[in-house]
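J.: Data file work-v7.cif (mmCIF, C-alpha atoms) is appended below.
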data_start
#
loop_
_atom_site.label_atom_id
_atom_site.label_comp_id
_atom_site.auth_asym_id
_atom_site.auth_seq_id
_atom_site.Cartn_x
_atom_site.Cartn_y
_atom_site.Cartn_z
CA GLN A 824 55.84 56.65 21.29
CA SER A 825 55.04 53.72 23.61
CA VAL A 826 52.42 53.97 26.33
CA LEU A 827 54.88 52.44 28.79
CA THR A 828 58.21 54.24 29.09
CA GLN A 829 61.49 52.36 29.43
CA PRO A 830 65.08 53.58 29.11
CA PRO A 831 66.40 52.73 25.63
CA SER A 832 69.53 51.09 26.98
CA VAL A 833 71.35 50.09 30.14
CA SER A 834 74.75 48.55 30.69
CA ALA A 835 76.73 46.99 33.50
CA ALA A 836 79.72 44.72 33.97
CA PRO A 837 79.47 40.95 34.41
CA GLY A 838 78.51 40.06 37.96
CA GLN A 839 76.96 43.44 38.62
CA LYS A 840 73.30 44.41 39.05
CA VAL A 841 71.09 46.40 36.73
CA SER A 842 67.61 47.87 37.08
CA ILE A 843 65.22 48.56 34.22
CA SER A 844 62.30 50.87 34.88
CA CYS A 845 58.87 50.90 33.27
CA SER A 846 56.65 53.91 33.78
CA GLY A 847 52.96 54.02 32.98
CA SER A 848 49.71 55.41 34.32
CA SER A 849 46.64 54.52 36.33
CA SER A 850 44.99 53.08 33.22
CA ASN A 851 47.67 50.42 32.83
CA ILE A 852 50.36 49.69 35.44
CA GLY A 853 48.44 51.43 38.21
CA ASN A 854 45.56 48.95 38.04
CA ASN A 855 46.91 45.83 36.37
CA TYR A 856 49.67 43.28 36.79
CA VAL A 857 52.96 43.88 35.00
CA SER A 858 54.97 41.31 33.07
CA TRP A 859 58.51 41.36 31.73
CA TYR A 860 59.95 39.64 28.65
CA GLN A 861 63.45 38.93 27.39
CA HIS A 862 63.80 39.09 23.62
CA LEU A 863 66.53 38.43 21.16
CA PRO A 864 65.31 39.78 17.78
CA GLY A 865 64.10 37.01 15.50
CA THR A 866 63.52 34.58 18.35
CA ALA A 867 60.52 33.89 20.54
CA PRO A 868 60.17 36.39 23.41
CA LYS A 869 60.57 34.72 26.81
CA LEU A 870 58.40 35.49 29.83
CA LEU A 871 60.63 36.46 32.77
CA ILE A 872 58.23 37.95 35.31
CA TYR A 873 54.45 37.89 35.62
CA ASP A 874 51.98 39.34 38.12
CA ASN A 875 54.55 42.03 38.97
CA ASN A 876 57.01 39.80 40.79
CA LYS A 877 56.48 36.10 40.05
CA ARG A 878 58.92 33.97 38.06
CA PRO A 879 57.85 31.15 35.74
CA SER A 880 59.53 27.84 36.42
CA GLY A 881 63.01 27.75 34.96
CA ILE A 882 63.69 31.47 35.34
CA PRO A 883 66.60 31.97 37.78
CA ASP A 884 66.11 34.07 40.89
CA ARG A 885 68.67 36.52 39.50
CA PHE A 886 65.64 38.07 37.81
CA SER A 887 63.16 39.89 40.04
CA GLY A 888 60.33 42.34 39.53
CA SER A 889 58.48 44.88 41.59
CA LYS A 890 55.74 47.45 41.18
CA SER A 891 54.93 50.66 42.97
CA GLY A 892 52.04 52.85 41.93
CA THR A 893 52.27 53.43 38.20
CA SER A 894 55.85 52.18 37.78
CA ALA A 895 57.52 48.80 37.68
CA THR A 896 61.11 47.68 37.85
CA LEU A 897 63.01 44.64 36.62
CA VAL A 898 66.24 43.88 38.49
CA ILE A 899 68.87 41.48 37.20
CA THR A 900 71.69 40.51 39.54
CA GLY A 901 74.87 38.55 38.86
CA LEU A 902 74.86 39.72 35.24
CA GLN A 903 76.09 37.29 32.62
CA THR A 904 76.99 37.94 28.99
CA GLY A 905 74.13 35.66 28.08
CA ASP A 906 71.73 38.23 29.57
CA GLU A 907 72.43 40.61 26.68
CA ALA A 908 69.04 41.09 25.05
CA ASP A 909 66.12 43.47 24.77
CA TYR A 910 63.74 43.63 27.74
CA TYR A 911 60.10 44.67 27.56
CA CYS A 912 57.48 45.38 30.17
CA GLY A 913 53.84 44.80 29.36
CA THR A 914 50.34 44.96 30.79
CA TRP A 915 46.71 45.63 29.94
CA ASP A 916 45.51 49.19 29.40
CA ARG A 917 41.92 49.87 30.44
CA SER A 918 41.61 53.11 28.49
CA LEU A 919 42.89 51.63 25.25
CA SER A 920 41.21 48.25 25.82
CA GLY A 921 44.40 46.68 24.63
CA VAL A 922 47.76 45.24 25.58
CA VAL A 923 50.62 47.70 25.89
CA PHE A 924 54.35 47.09 25.83
CA GLY A 925 57.18 49.37 26.76
CA GLY A 926 59.52 50.58 24.05
CA GLY A 927 62.14 48.06 25.13
CA THR A 928 65.49 48.35 26.87
CA ASN A 929 68.66 46.97 25.36
CA LEU A 930 70.95 45.46 27.97
CA ALA A 931 74.69 45.41 27.33
CA VAL A 932 76.86 43.33 29.64
CA GLU B 331 54.96 20.63 25.63
CA VAL B 332 53.35 23.85 24.42
CA GLN B 333 54.14 24.70 20.82
CA LEU B 334 53.05 27.63 18.68
CA LEU B 335 53.96 27.62 15.00
CA GLU B 336 53.21 30.62 12.79
CA SER B 337 52.88 30.39 9.03
CA GLY B 338 51.49 32.34 6.09
CA GLY B 339 53.91 35.24 5.97
CA GLY B 340 55.74 36.47 2.91
CA LEU B 341 56.07 39.34 0.47
CA VAL B 342 52.94 41.28 -0.45
CA GLN B 343 52.36 44.53 -2.30
CA PRO B 344 50.95 47.60 -0.55
CA GLY B 345 47.17 47.35 -0.44
CA GLY B 346 47.31 43.57 -0.58
CA SER B 347 46.14 40.91 1.86
CA LEU B 348 47.70 38.06 3.78
CA ARG B 349 46.42 35.56 6.33
CA LEU B 350 48.68 34.37 9.11
CA SER B 351 48.06 31.12 10.96
CA CYS B 352 49.31 29.91 14.32
CA ALA B 353 49.06 26.19 14.96
CA ALA B 354 48.88 25.44 18.67
CA SER B 355 49.55 22.23 20.59
CA GLY B 356 50.30 21.05 24.10
CA PHE B 357 47.44 22.84 25.86
CA ILE B 358 43.66 23.18 25.72
CA PHE B 359 43.53 25.77 22.97
CA SER B 360 39.81 26.49 23.24
CA SER B 361 40.19 27.57 26.87
CA GLN B 362 42.92 30.16 26.36
CA ALA B 363 42.96 33.69 25.04
CA MET B 364 45.52 34.24 22.30
CA THR B 365 47.29 37.25 20.91
CA TRP B 366 49.34 38.55 18.00
CA ALA B 367 52.26 40.93 18.42
CA ARG B 368 54.85 42.17 15.94
CA GLN B 369 58.30 43.67 15.70
CA ALA B 370 59.12 45.96 12.81
CA PRO B 371 62.75 46.22 11.68
CA GLY B 372 64.73 48.19 14.22
CA LYS B 373 61.68 48.75 16.42
CA GLY B 374 60.30 47.28 19.64
CA LEU B 375 57.52 44.82 20.29
CA GLU B 376 54.07 46.09 19.35
CA TRP B 377 50.83 44.43 20.34
CA VAL B 378 48.48 43.86 17.40
CA SER B 379 45.36 41.95 18.43
CA ALA B 380 43.89 39.46 20.88
CA ILE B 381 40.95 37.08 21.09
CA ASN B 382 39.43 35.60 24.22
CA SER B 383 38.17 32.06 24.60
CA ASP B 384 34.62 33.39 24.18
CA GLY B 385 35.54 35.05 20.87
CA THR B 386 35.78 38.63 22.15
CA THR B 387 38.34 40.49 20.07
CA TYR B 388 40.64 43.45 20.66
CA TYR B 389 42.77 45.46 18.24
CA ALA B 390 45.52 48.04 18.33
CA ASN B 391 44.43 51.35 16.82
CA SER B 392 47.09 50.96 14.12
CA VAL B 393 45.36 47.90 12.64
CA LYS B 394 41.70 48.41 13.59
CA GLY B 395 39.45 48.07 10.56
CA ARG B 396 42.17 46.38 8.49
CA PHE B 397 43.09 43.26 10.47
CA THR B 398 40.76 40.54 11.77
CA ILE B 399 41.70 37.99 14.40
CA SER B 400 39.86 34.68 14.59
CA ARG B 401 40.27 31.16 15.89
CA ASP B 402 39.25 27.64 14.88
CA ASN B 403 39.10 25.63 18.09
CA SER B 404 38.42 22.41 16.16
CA LYS B 405 41.81 22.80 14.49
CA ASN B 406 43.67 24.46 17.41
CA THR B 407 44.57 27.31 15.12
CA LEU B 408 44.69 31.08 15.49
CA PHE B 409 44.42 33.37 12.48
CA LEU B 410 45.18 36.96 11.56
CA GLN B 411 43.61 38.22 8.36
CA MET B 412 45.51 41.30 7.22
CA ASN B 413 43.95 43.53 4.57
CA SER B 414 44.94 46.90 3.08
CA LEU B 415 48.53 46.24 4.05
CA ARG B 416 50.95 49.13 4.33
CA ALA B 417 54.73 49.36 4.30
CA GLU B 418 54.63 50.05 8.04
CA ASP B 419 53.03 46.63 8.61
CA THR B 420 56.34 45.04 7.63
CA ALA B 421 57.40 43.07 10.69
CA ILE B 422 57.96 39.72 12.28
CA TYR B 423 54.59 38.58 13.61
CA TYR B 424 54.39 36.47 16.76
CA CYS B 425 51.47 34.59 18.22
CA ALA B 426 51.37 34.06 21.97
CA LYS B 427 49.27 32.28 24.57
CA ASP B 428 47.57 34.15 27.41
CA GLU B 429 47.75 32.62 30.87
CA THR B 430 45.59 35.09 32.76
CA GLY B 431 42.13 33.77 32.01
CA GLY B 432 41.58 36.46 29.42
CA ARG B 433 42.88 39.44 31.41
CA LEU B 434 45.67 39.60 28.79
CA GLU B 435 48.22 40.73 31.36
CA TYR B 436 50.92 38.26 30.37
CA PHE B 437 51.76 35.66 27.74
CA ASP B 438 53.67 32.57 28.79
CA TYR B 439 54.45 30.98 25.43
CA TRP B 440 55.37 32.62 22.13
CA GLY B 441 55.93 31.34 18.63
CA GLN B 442 59.19 31.79 16.73
CA GLY B 443 57.66 34.45 14.51
CA ASN B 444 56.78 34.82 10.84
CA LEU B 445 58.04 37.58 8.57
CA VAL B 446 55.63 39.77 6.64
CA THR B 447 57.12 42.17 4.11
CA VAL B 448 54.94 44.80 2.45
CA SER B 449 56.73 46.23 -0.56
CA SER B 450 56.24 46.89 -4.24
#
Using structure tokens, write down the structure from this file.
T.:
Amino acid sequence: QSVLTQPPSVSAAPGQKVSISCSGSSSNIGNNYVSWYQHLPGTAPKLLIYDNNKRPSGIPDRFSGSKSGTSATLVITGLQTGDEADYYCGTWDRSLSGVVFGGGTNLAV
Amino acid sequence: EVQLLESGGGLVQPGGSLRLSCAASGFIFSSQAMTWARQAPGKGLEWVSAINSDGTTYYANSVKGRFTISRDNSKNTLFLQMNSLRAEDTAIYYCAKDETGGRLEYFDYWGQGNLVTVSS
């Protein structure tokens, strides 16, 4: 059972938009910045979003993030088959004094 | 170019020990917090441990008392000493670089991972 809750899977057609939610609490999302990662099992996870809504250089603006209260959302527009992967949210948890990740969401395009 | 290269994984019996290494390059290693995360077969990413630039350490409850994180800034290398290994520690282990000045809120570079298998 992950501290941060994500839907196990989402799907959408190529070109469409999808949203992935990440729900936490005041000890984590509510008082810390949220990050999002794209991961293909067996490869290095890739940082997509940091500080709730910022993109590292090289990440297309099809990927966007937002945060409200104790929840965060990753939105991917103009879906491509190459976006099929697992997506994780993450942040620091003050109560646990540790990093927490969501359970992951598998995206099917 | 930032590079993180894990090594030291392999097959170990339950109750055994293993030490993972993560060789870092392309950034000032001594100034950055570092972390270990893992992915067990069929499961999601799980944070394992972190160490700040000042040596402060943090551990997930699942490994506290069994795993020890450390760093050698003279060799730009991060370590994870794993003792009393259990079958549920079987996973691909990743090292990653913090870019938040030790707040550990996001990790901008990750290694390719190293497989640890705990089995008799």
J.: Show me the residues close to (53.0, 48.5, 18.4) - anything with an atom within 12 Å, counting only C-alpha atoms - and format the list as a PyMOL selection string.
T.: (chain A and resi 824-827+913+921-927) or (chain B and resi 366-370+373-379+389-393+418-423)
J.: Selected by the PyMOL selection byres ((chain A and resi 861) around 6) in the shown coordinates: which residues, as a PDB file with C-alpha atoms, in the coordinates of the input?
T.:
ATOM      1  CA  TYR A 860      59.950  39.640  28.650  1.00  0.00           C
ATOM      2  CA  HIS A 862      63.800  39.090  23.620  1.00  0.00           C
ATOM      3  CA  PRO A 868      60.170  36.390  23.410  1.00  0.00           C
ATOM      4  CA  LYS A 869      60.570  34.720  26.810  1.00  0.00           C
ATOM      5  CA  ASP A 909      66.120  43.470  24.770  1.00  0.00           C
ATOM      6  CA  TYR A 910      63.740  43.630  27.740  1.00  0.00           C
TER       7      TYR A 910
END
J.: Could you list the residues in chain B lying within 6 Å of chain A, using all atoms listed in the file, and format the result as a VMD selection string?
T.: chain B and resid 374 435 to 436 438 440 to 442
J.: Could you list the residues chosen by the PyMOL selection byres ((chain A and resi 844) around 8) in this structure as a compact mmCIF listing (two decimals) with C-alpha atoms, keeping the file's coordinate frame?
T.:
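Result saved to result.txt:
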# COMPACT_ATOMS: atom_id res chain seq x y z
CA THR A 828 58.21 54.24 29.09
CA GLN A 829 61.49 52.36 29.43
CA PRO A 830 65.08 53.58 29.11
CA SER A 842 67.61 47.87 37.08
CA ILE A 843 65.22 48.56 34.22
CA CYS A 845 58.87 50.90 33.27
CA SER A 846 56.65 53.91 33.78
CA SER A 894 55.85 52.18 37.78
CA ALA A 895 57.52 48.80 37.68
CA THR A 896 61.11 47.68 37.85
CA LEU A 897 63.01 44.64 36.62
J.: So, with all atoms listed in the file as the atoms that count, which of A:Val932, A:Val898, A:Gln903, A:Gly892 lies closest to Gly853 of chain A?
T.: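 Residue with the minimum atom-to-atom distance to Gly853 of chain A: A:Gly892.
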J.: With only C-alpha atoms as the atoms that count, which of A:Lys890, A:Asn876, A:Gly847, A:Pro837 lies nearest to Gly905 of chain A?
T.: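 Distance minimum relative to Gly905 of chain A lands on A:Pro837.
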